[in-house]
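Raw contents of work_35.pdb, PDB, C-alpha atoms:
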```pdb
ATOM      1  CA  GLN V   1      -5.641  97.058  13.888  1.00  0.00           C
ATOM      2  CA  VAL V   2      -4.448  95.460  10.678  1.00  0.00           C
ATOM      3  CA  GLN V   3      -5.905  95.500   7.205  1.00  0.00           C
ATOM      4  CA  LEU V   4      -5.400  92.528   4.915  1.00  0.00           C
ATOM      5  CA  VAL V   5      -5.496  92.442   1.112  1.00  0.00           C
ATOM      6  CA  GLU V   6      -5.210  89.177  -0.806  1.00  0.00           C
ATOM      7  CA  SER V   7      -3.972  88.719  -4.359  1.00  0.00           C
ATOM      8  CA  GLY V   8      -2.780  85.980  -6.659  1.00  0.00           C
ATOM      9  CA  GLY V   9      -5.956  84.058  -7.309  1.00  0.00           C
ATOM     10  CA  GLY V  10      -7.055  82.990 -10.751  1.00  0.00           C
ATOM     11  CA  LEU V  11      -7.950  80.159 -13.069  1.00  0.00           C
ATOM     12  CA  VAL V  12      -5.548  77.237 -13.324  1.00  0.00           C
ATOM     13  CA  GLN V  13      -5.675  73.720 -14.704  1.00  0.00           C
ATOM     14  CA  ALA V  14      -5.585  70.726 -12.425  1.00  0.00           C
ATOM     15  CA  GLY V  15      -2.035  69.947 -11.405  1.00  0.00           C
ATOM     16  CA  GLY V  16      -0.985  73.553 -11.706  1.00  0.00           C
ATOM     17  CA  SER V  17       0.276  76.007  -9.110  1.00  0.00           C
ATOM     18  CA  LEU V  18      -0.636  79.384  -7.714  1.00  0.00           C
ATOM     19  CA  ARG V  19       0.851  81.562  -5.020  1.00  0.00           C
ATOM     20  CA  LEU V  20      -1.517  83.665  -2.979  1.00  0.00           C
ATOM     21  CA  SER V  21      -0.274  86.744  -1.172  1.00  0.00           C
ATOM     22  CA  CYS V  22      -1.848  88.635   1.671  1.00  0.00           C
ATOM     23  CA  ALA V  23      -0.398  92.062   2.320  1.00  0.00           C
ATOM     24  CA  ALA V  24      -0.998  93.609   5.727  1.00  0.00           C
ATOM     25  CA  SER V  25      -0.969  97.209   6.783  1.00  0.00           C
ATOM     26  CA  GLY V  26       0.555  98.446   9.990  1.00  0.00           C
ATOM     27  CA  ARG V  27       3.871  98.127  11.769  1.00  0.00           C
ATOM     28  CA  THR V  28       2.882  95.329  14.111  1.00  0.00           C
ATOM     29  CA  PHE V  29       2.582  92.525  11.574  1.00  0.00           C
ATOM     30  CA  HIS V  30       5.163  90.510  13.484  1.00  0.00           C
ATOM     31  CA  ASN V  31       2.795  90.383  16.461  1.00  0.00           C
ATOM     32  CA  TYR V  32       0.144  88.418  14.579  1.00  0.00           C
ATOM     33  CA  ALA V  33      -0.527  84.768  13.992  1.00  0.00           C
ATOM     34  CA  LEU V  34      -1.897  84.256  10.500  1.00  0.00           C
ATOM     35  CA  GLY V  35      -4.078  81.825   8.655  1.00  0.00           C
ATOM     36  CA  TRP V  36      -5.641  80.984   5.318  1.00  0.00           C
ATOM     37  CA  PHE V  37      -9.226  79.819   4.982  1.00  0.00           C
ATOM     38  CA  ARG V  38     -11.381  78.952   2.005  1.00  0.00           C
ATOM     39  CA  GLN V  39     -15.038  78.753   1.209  1.00  0.00           C
ATOM     40  CA  ALA V  40     -16.602  77.010  -1.752  1.00  0.00           C
ATOM     41  CA  PRO V  41     -20.151  77.782  -2.923  1.00  0.00           C
ATOM     42  CA  GLY V  42     -22.708  76.131  -0.679  1.00  0.00           C
ATOM     43  CA  LYS V  43     -20.082  75.035   1.825  1.00  0.00           C
ATOM     44  CA  GLU V  44     -18.865  76.333   5.137  1.00  0.00           C
ATOM     45  CA  ARG V  45     -15.608  78.209   5.504  1.00  0.00           C
ATOM     46  CA  GLU V  46     -12.777  75.831   6.268  1.00  0.00           C
ATOM     47  CA  PHE V  47      -9.280  76.180   7.636  1.00  0.00           C
ATOM     48  CA  VAL V  48      -6.504  75.633   5.113  1.00  0.00           C
ATOM     49  CA  ALA V  49      -3.220  76.573   6.783  1.00  0.00           C
ATOM     50  CA  GLY V  50      -1.892  78.585   9.686  1.00  0.00           C
ATOM     51  CA  ILE V  51       1.419  79.989  10.843  1.00  0.00           C
ATOM     52  CA  SER V  52       2.434  81.131  14.294  1.00  0.00           C
ATOM     53  CA  ARG V  53       3.505  84.602  15.282  1.00  0.00           C
ATOM     54  CA  SER V  54       7.088  83.418  15.461  1.00  0.00           C
ATOM     55  CA  GLY V  55       6.858  81.766  12.049  1.00  0.00           C
ATOM     56  CA  GLY V  56       8.335  78.646  13.563  1.00  0.00           C
ATOM     57  CA  SER V  57       5.163  76.578  13.553  1.00  0.00           C
ATOM     58  CA  THR V  58       2.718  75.774  10.803  1.00  0.00           C
ATOM     59  CA  TYR V  59      -0.350  73.584  10.501  1.00  0.00           C
ATOM     60  CA  TYR V  60      -2.282  72.339   7.491  1.00  0.00           C
ATOM     61  CA  ALA V  61      -5.639  70.815   6.815  1.00  0.00           C
ATOM     62  CA  ASP V  62      -5.297  67.180   5.811  1.00  0.00           C
ATOM     63  CA  SER V  63      -6.768  67.959   2.414  1.00  0.00           C
ATOM     64  CA  VAL V  64      -3.850  70.228   1.474  1.00  0.00           C
ATOM     65  CA  LYS V  65      -0.979  68.730   3.439  1.00  0.00           C
ATOM     66  CA  GLY V  66       1.994  68.083   1.212  1.00  0.00           C
ATOM     67  CA  ARG V  67       0.658  70.342  -1.542  1.00  0.00           C
ATOM     68  CA  PHE V  68       0.303  73.767   0.096  1.00  0.00           C
ATOM     69  CA  THR V  69       2.895  75.780   2.002  1.00  0.00           C
ATOM     70  CA  ILE V  70       2.252  78.797   4.183  1.00  0.00           C
ATOM     71  CA  SER V  71       5.019  81.276   4.891  1.00  0.00           C
ATOM     72  CA  ARG V  72       5.429  84.814   6.134  1.00  0.00           C
ATOM     73  CA  ASP V  73       7.808  87.673   5.417  1.00  0.00           C
ATOM     74  CA  ASN V  74       7.671  90.128   8.298  1.00  0.00           C
ATOM     75  CA  ALA V  75       9.831  92.663   6.450  1.00  0.00           C
ATOM     76  CA  LYS V  76       7.242  92.768   3.665  1.00  0.00           C
ATOM     77  CA  THR V  77       4.317  92.335   6.079  1.00  0.00           C
ATOM     78  CA  THR V  78       3.000  89.615   3.820  1.00  0.00           C
ATOM     79  CA  VAL V  79       1.833  86.050   4.280  1.00  0.00           C
ATOM     80  CA  TYR V  80       1.901  83.617   1.376  1.00  0.00           C
ATOM     81  CA  LEU V  81       0.152  80.427   0.420  1.00  0.00           C
ATOM     82  CA  GLN V  82       2.017  78.414  -2.188  1.00  0.00           C
ATOM     83  CA  MET V  83      -0.391  75.958  -3.755  1.00  0.00           C
ATOM     84  CA  ASN V  84       0.963  73.108  -5.853  1.00  0.00           C
ATOM     85  CA  GLY V  85      -0.760  70.112  -7.362  1.00  0.00           C
ATOM     86  CA  LEU V  86      -4.071  71.938  -7.453  1.00  0.00           C
ATOM     87  CA  LYS V  87      -7.247  69.909  -7.751  1.00  0.00           C
ATOM     88  CA  PRO V  88     -10.756  70.921  -8.839  1.00  0.00           C
ATOM     89  CA  GLU V  89     -11.887  70.487  -5.227  1.00  0.00           C
ATOM     90  CA  ASP V  90      -9.514  73.305  -4.239  1.00  0.00           C
ATOM     91  CA  THR V  91     -11.788  75.719  -6.071  1.00  0.00           C
ATOM     92  CA  ALA V  92     -12.966  78.320  -3.551  1.00  0.00           C
ATOM     93  CA  GLY V  93     -12.622  81.854  -2.346  1.00  0.00           C
ATOM     94  CA  TYR V  94      -9.475  82.086  -0.244  1.00  0.00           C
ATOM     95  CA  SER V  95      -9.135  84.540   2.617  1.00  0.00           C
ATOM     96  CA  CYS V  96      -6.316  85.354   4.966  1.00  0.00           C
ATOM     97  CA  ALA V  97      -6.850  86.158   8.612  1.00  0.00           C
ATOM     98  CA  ALA V  98      -4.838  87.606  11.480  1.00  0.00           C
ATOM     99  CA  ARG V  99      -4.921  87.326  15.235  1.00  0.00           C
ATOM    100  CA  GLY V 100      -2.888  89.408  17.616  1.00  0.00           C
ATOM    101  CA  SER V 101      -0.631  87.435  19.936  1.00  0.00           C
ATOM    102  CA  PRO V 102       0.926  89.178  22.944  1.00  0.00           C
ATOM    103  CA  VAL V 103       3.411  86.422  23.615  1.00  0.00           C
ATOM    104  CA  TYR V 104       6.839  86.972  22.111  1.00  0.00           C
ATOM    105  CA  LEU V 105       7.830  84.078  19.830  1.00  0.00           C
ATOM    106  CA  ASP V 106       4.424  82.498  20.375  1.00  0.00           C
ATOM    107  CA  GLU V 107       4.304  79.142  18.572  1.00  0.00           C
ATOM    108  CA  THR V 108       0.529  78.749  18.660  1.00  0.00           C
ATOM    109  CA  VAL V 109      -1.162  78.070  15.343  1.00  0.00           C
ATOM    110  CA  TYR V 110      -4.844  78.950  15.362  1.00  0.00           C
ATOM    111  CA  ARG V 111      -7.225  76.806  13.330  1.00  0.00           C
ATOM    112  CA  GLY V 112     -10.675  78.083  14.127  1.00  0.00           C
ATOM    113  CA  GLU V 113     -12.212  80.937  12.180  1.00  0.00           C
ATOM    114  CA  TYR V 114     -13.420  82.459  15.450  1.00  0.00           C
ATOM    115  CA  ASP V 115      -9.839  82.559  16.688  1.00  0.00           C
ATOM    116  CA  TYR V 116      -9.100  85.330  14.208  1.00  0.00           C
ATOM    117  CA  ASP V 117      -9.902  88.999  14.557  1.00  0.00           C
ATOM    118  CA  TYR V 118      -9.092  90.428  11.129  1.00  0.00           C
ATOM    119  CA  TRP V 119      -9.989  89.197   7.665  1.00  0.00           C
ATOM    120  CA  GLY V 120      -9.209  90.100   4.104  1.00  0.00           C
ATOM    121  CA  GLN V 121     -11.795  90.323   1.336  1.00  0.00           C
ATOM    122  CA  GLY V 122     -10.629  87.159  -0.358  1.00  0.00           C
ATOM    123  CA  THR V 123      -9.355  86.050  -3.735  1.00  0.00           C
ATOM    124  CA  GLN V 124     -10.962  83.466  -5.997  1.00  0.00           C
ATOM    125  CA  VAL V 125      -9.144  80.307  -7.031  1.00  0.00           C
ATOM    126  CA  THR V 126     -10.699  78.174  -9.751  1.00  0.00           C
ATOM    127  CA  VAL V 127      -9.163  74.869 -10.776  1.00  0.00           C
ATOM    128  CA  SER V 128     -10.392  73.318 -14.003  1.00  0.00           C
ATOM    129  CA  SER V 129     -10.275  69.585 -14.648  1.00  0.00           C
TER     130      SER V 129
END
```

Using the file provided, produce a representation of the structure as structure tokens.
Amino acid sequence: QVQLVESGGGLVQAGGSLRLSCAASGRTFHNYALGWFRQAPGKEREFVAGISRSGGSTYYADSVKGRFTISRDNAKTTVYLQMNGLKPEDTAGYSCAARGSPVYLDETVYRGEYDYDYWGQGTQVTVSS
């Protein structure tokens, strides 16, 4: 099992930047594919970005491509979401998620929320116009 704790959310003006962090417990962090999702009030949870177990592959939702960057640091058992050029429509609760992958150097990036087994509690991002 892995426990996930997000941090780094807050209030920022449009055009600004934030970096979200998701710290994971356990010694098997390197065995997990990871993702970031968000959910705005009254809307369904949506995929934002994902990174493979190997760290060699990433995938982004079209709405954030070119503005957001996902990365992982296995030594720190942490996954990051660097968010630049923030827009009011990026306002949402952001959650990280993990999925165990038994395949060494697996390059699969998972995009569905039901692909993931473990979730953090989330951190709020609010972008003012």

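Distances from V:Lys65, V:Ala98, V:Glu46, V:Asp106 to V:Gln1 were compared using only C-alpha atoms, and the smallest one belongs to V:Ala98.
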
_What would the selection look like, as a list in words, if the PyMOL selection byres ((chain V and resi 55) around 9) were run on the coordinates I just shared?_
Ala33, Ile51, Ser52, Arg53, Ser54, Gly56, Ser57, Thr58, Ser71, Arg72, Asp73, Leu105, Asp106 and Glu107 of chain V

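You will find atom CA of V:Leu20 at 27.2 Å from atom CA of V:Val103.
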
Return as AutoDock Vina command-line options the box centre and box size in Å, one decimal, for an axis-aligned box around all listed atoms of stretch 41-54 of chain V padded by 8 Å per side.
```
--center_x -7.8 --center_y 79.8 --center_z 6.3 --size_x 45.8 --size_y 25.6 --size_z 34.4
```

*Can you list, as a PyMOL selection string, the residues that the PyMOL selection byres ((chain V and resi 115) around 12) selects here?*
chain V and resi 32-35+47+50+97-101+108-114+116-119

How would the residues just picked look written out with C-alpha atoms as a PDB file, keeping the file's coordinate frame?
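Generated output (out_16.pdb):
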```pdb
ATOM      1  CA  TYR V  32       0.144  88.418  14.579  1.00  0.00           C
ATOM      2  CA  ALA V  33      -0.527  84.768  13.992  1.00  0.00           C
ATOM      3  CA  LEU V  34      -1.897  84.256  10.500  1.00  0.00           C
ATOM      4  CA  GLY V  35      -4.078  81.825   8.655  1.00  0.00           C
ATOM      5  CA  PHE V  47      -9.280  76.180   7.636  1.00  0.00           C
ATOM      6  CA  GLY V  50      -1.892  78.585   9.686  1.00  0.00           C
ATOM      7  CA  ALA V  97      -6.850  86.158   8.612  1.00  0.00           C
ATOM      8  CA  ALA V  98      -4.838  87.606  11.480  1.00  0.00           C
ATOM      9  CA  ARG V  99      -4.921  87.326  15.235  1.00  0.00           C
ATOM     10  CA  GLY V 100      -2.888  89.408  17.616  1.00  0.00           C
ATOM     11  CA  SER V 101      -0.631  87.435  19.936  1.00  0.00           C
ATOM     12  CA  THR V 108       0.529  78.749  18.660  1.00  0.00           C
ATOM     13  CA  VAL V 109      -1.162  78.070  15.343  1.00  0.00           C
ATOM     14  CA  TYR V 110      -4.844  78.950  15.362  1.00  0.00           C
ATOM     15  CA  ARG V 111      -7.225  76.806  13.330  1.00  0.00           C
ATOM     16  CA  GLY V 112     -10.675  78.083  14.127  1.00  0.00           C
ATOM     17  CA  GLU V 113     -12.212  80.937  12.180  1.00  0.00           C
ATOM     18  CA  TYR V 114     -13.420  82.459  15.450  1.00  0.00           C
ATOM     19  CA  TYR V 116      -9.100  85.330  14.208  1.00  0.00           C
ATOM     20  CA  ASP V 117      -9.902  88.999  14.557  1.00  0.00           C
ATOM     21  CA  TYR V 118      -9.092  90.428  11.129  1.00  0.00           C
ATOM     22  CA  TRP V 119      -9.989  89.197   7.665  1.00  0.00           C
TER      23      TRP V 119
END
```

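For the file shown, the residue list from the PyMOL selection byres ((chain V and resi 127) around 9) reads V:Gly10, V:Leu11, V:Val12, V:Gln13, V:Ala14, V:Gly15, V:Gly16, V:Leu86, V:Lys87, V:Pro88, V:Glu89, V:Asp90, V:Thr91, V:Ala92, V:Val125, V:Thr126, V:Ser128, V:Ser129.
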
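Reported to one decimal place, the separation of atom CA of V:Val64 from atom CA of V:Gln82 is 10.7 Å.
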
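Going from atom CA of V:Ala49 to atom CA of V:Asp62 covers 9.7 Å.
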
*Between V:Thr123, V:Met83, V:Val2, V:Ala61, which has the minimum distance to V:Asn31 (counting all atoms listed in the file)?*
V:Val2

Excluding V:Arg19 and any residue of its chain fewer than 4 positions from it, enumerate the residues within 10 Å of it, using all atoms listed in the file, and give them as a PDB file with C-alpha atoms, keeping the file's coordinate frame.
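Wrote result-v6.pdb, looks like this:
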```pdb
ATOM      1  CA  SER V   7      -3.972  88.719  -4.359  1.00  0.00           C
ATOM      2  CA  GLY V   8      -2.780  85.980  -6.659  1.00  0.00           C
ATOM      3  CA  GLY V   9      -5.956  84.058  -7.309  1.00  0.00           C
ATOM      4  CA  GLY V  10      -7.055  82.990 -10.751  1.00  0.00           C
ATOM      5  CA  PHE V  68       0.303  73.767   0.096  1.00  0.00           C
ATOM      6  CA  THR V  69       2.895  75.780   2.002  1.00  0.00           C
ATOM      7  CA  ILE V  70       2.252  78.797   4.183  1.00  0.00           C
ATOM      8  CA  TYR V  80       1.901  83.617   1.376  1.00  0.00           C
ATOM      9  CA  LEU V  81       0.152  80.427   0.420  1.00  0.00           C
ATOM     10  CA  GLN V  82       2.017  78.414  -2.188  1.00  0.00           C
ATOM     11  CA  MET V  83      -0.391  75.958  -3.755  1.00  0.00           C
ATOM     12  CA  ASN V  84       0.963  73.108  -5.853  1.00  0.00           C
TER      13      ASN V  84
END
```

Save all heavy atoms of stretch 72-87 of chain V from the block above as a PDB file, in the first residue's frame.
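In the end it all went to selection.pdb:
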```pdb
ATOM      1  N   ARG V  72       8.724  13.089 -11.410  1.00  0.00           N
ATOM      2  CA  ARG V  72       8.804  12.283 -10.207  1.00  0.00           C
ATOM      3  C   ARG V  72      10.244  12.218  -9.731  1.00  0.00           C
ATOM      4  O   ARG V  72      11.181  12.250 -10.527  1.00  0.00           O
ATOM      5  CB  ARG V  72       8.262  10.866 -10.450  1.00  0.00           C
ATOM      6  CG  ARG V  72       9.033  10.043 -11.447  1.00  0.00           C
ATOM      7  CD  ARG V  72       8.302   8.734 -11.766  1.00  0.00           C
ATOM      8  NE  ARG V  72       8.195   7.891 -10.580  1.00  0.00           N
ATOM      9  CZ  ARG V  72       7.338   6.874 -10.479  1.00  0.00           C
ATOM     10  NH1 ARG V  72       6.514   6.605 -11.480  1.00  0.00           N
ATOM     11  NH2 ARG V  72       7.308   6.148  -9.371  1.00  0.00           N
ATOM     12  N   ASP V  73      10.407  12.117  -8.425  1.00  0.00           N
ATOM     13  CA  ASP V  73      11.708  11.950  -7.797  1.00  0.00           C
ATOM     14  C   ASP V  73      11.597  10.710  -6.910  1.00  0.00           C
ATOM     15  O   ASP V  73      11.050  10.780  -5.808  1.00  0.00           O
ATOM     16  CB  ASP V  73      12.071  13.192  -6.980  1.00  0.00           C
ATOM     17  CG  ASP V  73      13.476  13.138  -6.412  1.00  0.00           C
ATOM     18  OD1 ASP V  73      13.990  12.017  -6.182  1.00  0.00           O
ATOM     19  OD2 ASP V  73      14.056  14.207  -6.175  1.00  0.00           O
ATOM     20  N   ASN V  74      12.091   9.597  -7.393  1.00  0.00           N
ATOM     21  CA  ASN V  74      11.939   8.348  -6.652  1.00  0.00           C
ATOM     22  C   ASN V  74      12.706   8.379  -5.331  1.00  0.00           C
ATOM     23  O   ASN V  74      12.285   7.760  -4.352  1.00  0.00           O
ATOM     24  CB  ASN V  74      12.398   7.172  -7.495  1.00  0.00           C
ATOM     25  CG  ASN V  74      11.422   6.849  -8.622  1.00  0.00           C
ATOM     26  OD1 ASN V  74      10.288   7.342  -8.639  1.00  0.00           O
ATOM     27  ND2 ASN V  74      11.867   6.048  -9.563  1.00  0.00           N
ATOM     28  N   ALA V  75      13.824   9.094  -5.300  1.00  0.00           N
ATOM     29  CA  ALA V  75      14.606   9.175  -4.061  1.00  0.00           C
ATOM     30  C   ALA V  75      13.820   9.888  -2.969  1.00  0.00           C
ATOM     31  O   ALA V  75      13.957   9.568  -1.790  1.00  0.00           O
ATOM     32  CB  ALA V  75      15.927   9.880  -4.318  1.00  0.00           C
ATOM     33  N   LYS V  76      13.004  10.860  -3.374  1.00  0.00           N
ATOM     34  CA  LYS V  76      12.185  11.601  -2.412  1.00  0.00           C
ATOM     35  C   LYS V  76      10.762  11.063  -2.350  1.00  0.00           C
ATOM     36  O   LYS V  76       9.934  11.632  -1.629  1.00  0.00           O
ATOM     37  CB  LYS V  76      12.157  13.083  -2.784  1.00  0.00           C
ATOM     38  CG  LYS V  76      13.516  13.757  -2.692  1.00  0.00           C
ATOM     39  CD  LYS V  76      13.417  15.233  -3.019  1.00  0.00           C
ATOM     40  CE  LYS V  76      14.784  15.907  -2.874  1.00  0.00           C
ATOM     41  NZ  LYS V  76      14.721  17.350  -3.203  1.00  0.00           N
ATOM     42  N   THR V  77      10.488  10.029  -3.074  1.00  0.00           N
ATOM     43  CA  THR V  77       9.147   9.418  -3.173  1.00  0.00           C
ATOM     44  C   THR V  77       8.079  10.494  -3.334  1.00  0.00           C
ATOM     45  O   THR V  77       7.065  10.513  -2.610  1.00  0.00           O
ATOM     46  CB  THR V  77       8.826   8.512  -1.963  1.00  0.00           C
ATOM     47  OG1 THR V  77       8.769   9.283  -0.756  1.00  0.00           O
ATOM     48  CG2 THR V  77       9.859   7.409  -1.820  1.00  0.00           C
ATOM     49  N   THR V  78       8.307  11.351  -4.300  1.00  0.00           N
ATOM     50  CA  THR V  78       7.418  12.489  -4.520  1.00  0.00           C
ATOM     51  C   THR V  78       7.164  12.672  -6.010  1.00  0.00           C
ATOM     52  O   THR V  78       8.077  12.503  -6.828  1.00  0.00           O
ATOM     53  CB  THR V  78       8.029  13.774  -3.940  1.00  0.00           C
ATOM     54  OG1 THR V  78       8.226  13.608  -2.529  1.00  0.00           O
ATOM     55  CG2 THR V  78       7.113  14.976  -4.167  1.00  0.00           C
ATOM     56  N   VAL V  79       5.938  13.007  -6.340  1.00  0.00           N
ATOM     57  CA  VAL V  79       5.577  13.377  -7.699  1.00  0.00           C
ATOM     58  C   VAL V  79       5.157  14.847  -7.681  1.00  0.00           C
ATOM     59  O   VAL V  79       4.526  15.300  -6.717  1.00  0.00           O
ATOM     60  CB  VAL V  79       4.464  12.467  -8.266  1.00  0.00           C
ATOM     61  CG1 VAL V  79       3.208  12.505  -7.420  1.00  0.00           C
ATOM     62  CG2 VAL V  79       4.175  12.806  -9.713  1.00  0.00           C
ATOM     63  N   TYR V  80       5.528  15.557  -8.727  1.00  0.00           N
ATOM     64  CA  TYR V  80       5.284  16.990  -8.803  1.00  0.00           C
ATOM     65  C   TYR V  80       4.392  17.330  -9.994  1.00  0.00           C
ATOM     66  O   TYR V  80       4.368  16.623 -10.990  1.00  0.00           O
ATOM     67  CB  TYR V  80       6.603  17.745  -8.942  1.00  0.00           C
ATOM     68  CG  TYR V  80       7.598  17.474  -7.849  1.00  0.00           C
ATOM     69  CD1 TYR V  80       8.619  16.551  -8.020  1.00  0.00           C
ATOM     70  CD2 TYR V  80       7.520  18.153  -6.634  1.00  0.00           C
ATOM     71  CE1 TYR V  80       9.542  16.303  -7.015  1.00  0.00           C
ATOM     72  CE2 TYR V  80       8.444  17.913  -5.619  1.00  0.00           C
ATOM     73  CZ  TYR V  80       9.445  16.985  -5.821  1.00  0.00           C
ATOM     74  OH  TYR V  80      10.356  16.740  -4.815  1.00  0.00           O
ATOM     75  N   LEU V  81       3.711  18.443  -9.860  1.00  0.00           N
ATOM     76  CA  LEU V  81       2.996  19.019 -10.993  1.00  0.00           C
ATOM     77  C   LEU V  81       3.339  20.503 -11.028  1.00  0.00           C
ATOM     78  O   LEU V  81       2.857  21.263 -10.195  1.00  0.00           O
ATOM     79  CB  LEU V  81       1.487  18.815 -10.875  1.00  0.00           C
ATOM     80  CG  LEU V  81       0.690  19.274 -12.089  1.00  0.00           C
ATOM     81  CD1 LEU V  81       0.999  18.393 -13.298  1.00  0.00           C
ATOM     82  CD2 LEU V  81      -0.817  19.267 -11.802  1.00  0.00           C
ATOM     83  N   GLN V  82       4.194  20.872 -11.975  1.00  0.00           N
ATOM     84  CA  GLN V  82       4.534  22.271 -12.170  1.00  0.00           C
ATOM     85  C   GLN V  82       3.488  22.889 -13.073  1.00  0.00           C
ATOM     86  O   GLN V  82       3.293  22.416 -14.198  1.00  0.00           O
ATOM     87  CB  GLN V  82       5.926  22.405 -12.788  1.00  0.00           C
ATOM     88  CG  GLN V  82       6.341  23.825 -13.083  1.00  0.00           C
ATOM     89  CD  GLN V  82       6.536  24.661 -11.826  1.00  0.00           C
ATOM     90  OE1 GLN V  82       7.143  24.196 -10.857  1.00  0.00           O
ATOM     91  NE2 GLN V  82       6.025  25.880 -11.824  1.00  0.00           N
ATOM     92  N   MET V  83       2.843  23.935 -12.589  1.00  0.00           N
ATOM     93  CA  MET V  83       1.760  24.558 -13.336  1.00  0.00           C
ATOM     94  C   MET V  83       2.135  26.001 -13.643  1.00  0.00           C
ATOM     95  O   MET V  83       2.291  26.816 -12.725  1.00  0.00           O
ATOM     96  CB  MET V  83       0.463  24.510 -12.523  1.00  0.00           C
ATOM     97  CG  MET V  83       0.073  23.108 -12.084  1.00  0.00           C
ATOM     98  SD  MET V  83      -1.523  23.041 -11.257  1.00  0.00           S
ATOM     99  CE  MET V  83      -1.189  24.019  -9.806  1.00  0.00           C
ATOM    100  N   ASN V  84       2.289  26.292 -14.918  1.00  0.00           N
ATOM    101  CA  ASN V  84       2.620  27.638 -15.369  1.00  0.00           C
ATOM    102  C   ASN V  84       1.475  28.198 -16.209  1.00  0.00           C
ATOM    103  O   ASN V  84       0.655  27.440 -16.722  1.00  0.00           O
ATOM    104  CB  ASN V  84       3.901  27.624 -16.199  1.00  0.00           C
ATOM    105  CG  ASN V  84       5.111  27.130 -15.419  1.00  0.00           C
ATOM    106  OD1 ASN V  84       5.219  27.336 -14.208  1.00  0.00           O
ATOM    107  ND2 ASN V  84       6.023  26.472 -16.113  1.00  0.00           N
ATOM    108  N   GLY V  85       1.449  29.494 -16.356  1.00  0.00           N
ATOM    109  CA  GLY V  85       0.413  30.105 -17.175  1.00  0.00           C
ATOM    110  C   GLY V  85      -0.988  29.764 -16.709  1.00  0.00           C
ATOM    111  O   GLY V  85      -1.872  29.479 -17.521  1.00  0.00           O
ATOM    112  N   LEU V  86      -1.193  29.789 -15.413  1.00  0.00           N
ATOM    113  CA  LEU V  86      -2.485  29.358 -14.862  1.00  0.00           C
ATOM    114  C   LEU V  86      -3.625  30.243 -15.331  1.00  0.00           C
ATOM    115  O   LEU V  86      -3.462  31.463 -15.497  1.00  0.00           O
ATOM    116  CB  LEU V  86      -2.415  29.323 -13.343  1.00  0.00           C
ATOM    117  CG  LEU V  86      -1.678  28.096 -12.784  1.00  0.00           C
ATOM    118  CD1 LEU V  86      -1.247  28.332 -11.347  1.00  0.00           C
ATOM    119  CD2 LEU V  86      -2.552  26.862 -12.890  1.00  0.00           C
ATOM    120  N   LYS V  87      -4.764  29.614 -15.522  1.00  0.00           N
ATOM    121  CA  LYS V  87      -5.976  30.277 -15.983  1.00  0.00           C
ATOM    122  C   LYS V  87      -7.081  30.070 -14.953  1.00  0.00           C
ATOM    123  O   LYS V  87      -7.064  29.073 -14.215  1.00  0.00           O
ATOM    124  CB  LYS V  87      -6.419  29.688 -17.329  1.00  0.00           C
ATOM    125  CG  LYS V  87      -5.362  29.722 -18.409  1.00  0.00           C
ATOM    126  CD  LYS V  87      -5.850  29.008 -19.666  1.00  0.00           C
ATOM    127  CE  LYS V  87      -4.793  29.011 -20.762  1.00  0.00           C
ATOM    128  NZ  LYS V  87      -5.270  28.308 -21.996  1.00  0.00           N
TER     129      LYS V  87
END
```
